[in-house]
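Asker: Here it is, the structure in full.
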Amino acid sequence: MTDARLRHGRASLTLSFFVQGVTFALLVTRIPAIQDRYGISDGLLPVFLAAVPILAGVGSVATEKLVVRVRPRVVLRWAQPVVMLALLGAGAGNAVWEAALALGVFGLSVGALDASMNMMGVSLQRAYGRSIMLGFHAAYSLGGIAGASMAWAGAHWDLSLMVSYLPAVVVLLPVAFIGSRWYAEGASADADPGEASGKGGAASVSFTLLMPLCLVMSFAYIGDSTVSNWSAKYLQDVLGSSEQLSTVPYNVYMVTTLLGRAVGDLGVRRFGAVAVVRGGSVLAAAGFGVVALAGGAWTGMLGFTMLGLGLCVIVPQTFAAAGRMFPGASDTAIARLNVFNYVGFLVGSPLVGALGDAWSYRGAMLVPMALVLAMLVYAKSFGAENARYGGGHERPHTVDVG
């Protein structure tokens with residue numbers, strides 16, 4: 001019964017990651033359409049865009065407090081529908097205040113969703129006794145590709161935001177909510193919420209010990225936001241590609257992210273998390289170097305391909321490492337760590353843009369390259385020495401649960 005419970009829990013959480021990938025991609029890929037619908041000026045748009053990750057950070061911090069009283073699966077079960085309804089709200093309004101309200105709700109609820117999803121993923125990985133976190137994030141990447149494709153279709157056929165968003169919400173919201181019946185965590189189903197999170201967890205999480213992982217999370221998202229926000233402009237303006245070709249690097253990046261995460265768990269089991277993180281950091285840094293030195297568009301795309309394969313393993317393993325580092329207070333550690341993915345997102349795009357305008361975009365690519373290389377300094381934090389599982393290559397004595 002326990003084995004079946006965990007298998008069902010893994011499948012339902014994988015579905016949740018997929019749905020969130022679709023939802024988030026539908027929002028971020030239609031930002032220009034949202035701006036046009038509400039008449040948001042170019043000067044005001046950055047305020048809206050910055051508010052979402054800031055509020056997501058608030059939602060993540062609030063989730064740290066909430067899971068002391070209710071289990072993460074309860075938070076996730078109700079946060080995901082709110083995120084999807086907020087997406088629908090962003091496509092349904094007409095006044096600027098309606099956009100602000102919808103995006104504000106989206107930000108707060110997505111912070112709770114991200115934190116609780118990864119809490120459950122780490123908990124299930126502990127129960128399985130081997131690396132499965134990359135598989136969850138692979139589902140998110142697949143959802144992102146699906147959502148971006150749906151957004152492209154909506155833009156291509158000149159559909160309204162409401163028409164673009166409604167089919168995804170109508171189909172995926174009830175599917176995710178029904179699937180949430182089978183959410184499971186590694187802790188005993190009869191454990192109290194406080195026990196599952198580690199009573200006194202906030203006090204037992206040392207920020208000094210967690211800080212290396214927080215820096216890695218920020219650096220990874222600075223790299224990720226550089227690709228998502230600047231790859232098209234870089235290919236077109238710096239490498240002289242056509243407008244059509246300039247849209248390809250992000251799609252290639254997403255596909256390679258999916259592929260890397262789909263096989264990444266096997267790499268962690270075979271070589272260990274430290275080796276995988278080090279390899280990913282070196283490959284991502286080399287990708288930024290290729291992009292910075294590229295003489296043409298196709299060489300630039302090779303660099304972005306390397307970036308996708310390198311960066312894709314970092315974030316899931318950072319969450320997993322936090323769970324290993326604080327096995328009695330993993331929910332608290334993950335909620336705090338999750339805030340730094342929004343920090344990286346906030347810093348990355350403006351940083352590269354400012355350096356590109358003041359210096360050169362080629363030179364600007366060297367900054368995320370240096371930050372990604374800095375992850376090598378913190379790679380030992382991904383070790384399994386203090387984990388409840390992880391002897392050898394994260395495969396201890398537990399019974400196989402499929």
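Here, A, B, ... name the chains of the structure tokens in the order displayed, residue numbers run from 1 inside each chain, and ligands are numbered from 1 in the same displayed order.
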Can you tell me which residues surround Ala86 (chain A) at a distance of at most 9 Å, considering only C-alpha atoms, apart from same-chain residues fewer than 2 positions away, and format the answer as a list in words?
Answerer: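 What passes the distance filter is Pro81, Val82, Val83, Met84, Leu88, Gly89, Ala90, Gly91, Leu101, Ala102, Leu103, Gly104, Val105, Phe106 and Ser109 of chain A.
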Asker: For Leu337 (chain A), list every protein, DNA or RNA residue within 8 Å, evaluated using only C-alpha atoms, and leave out those in the same chain fewer than 6 positions away; present the list as a list in words.
Answerer: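 The filter keeps Leu210, Leu213, Cys214, Met217, Phe319 and Ala322 of chain A.
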Asker: From the options A:Val22, A:Leu245, A:Leu351, A:Ala285, which residue's atoms come nearest to Val171 (chain A), counting only C-alpha atoms?
Answerer: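 Of A:Val22, A:Leu245, A:Leu351, A:Ala285, the one nearest Val171 (chain A), counting only C-alpha atoms, is A:Val22.
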Asker: For a quick check of understanding, using only C-alpha atoms, which of A:Ala335, A:Val238, A:Met133, A:Leu161 has the smallest distance to Leu66 (chain A)?
Answerer: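 Checking each of A:Ala335, A:Val238, A:Met133, A:Leu161 against Leu66 (chain A), counting only C-alpha atoms, the winner is A:Ala335.
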Asker: Using only C-alpha atoms, which protein or nucleic acid residues come within 10 Å of Phe382 (chain A)? Drop anything in the same chain fewer than 6 positions from it, and give the result as JSON, numbers by chain.
Answerer: {"A": [212, 213, 272, 273, 274, 275, 276, 277, 278, 317, 318, 319, 320, 321, 322, 324, 325]}
Asker: Between CA of Leu26 (chain A) and CA of Tyr165 (chain A), measure the distance and give it in Å to one decimal.
Answerer: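 That distance, rounded to one decimal, is 7.3 Å.
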Asker: Mind pulling up the distance from CA of Met301 (chain A) to CA of Ser218 (chain A)?
Answerer: 23.9 Å
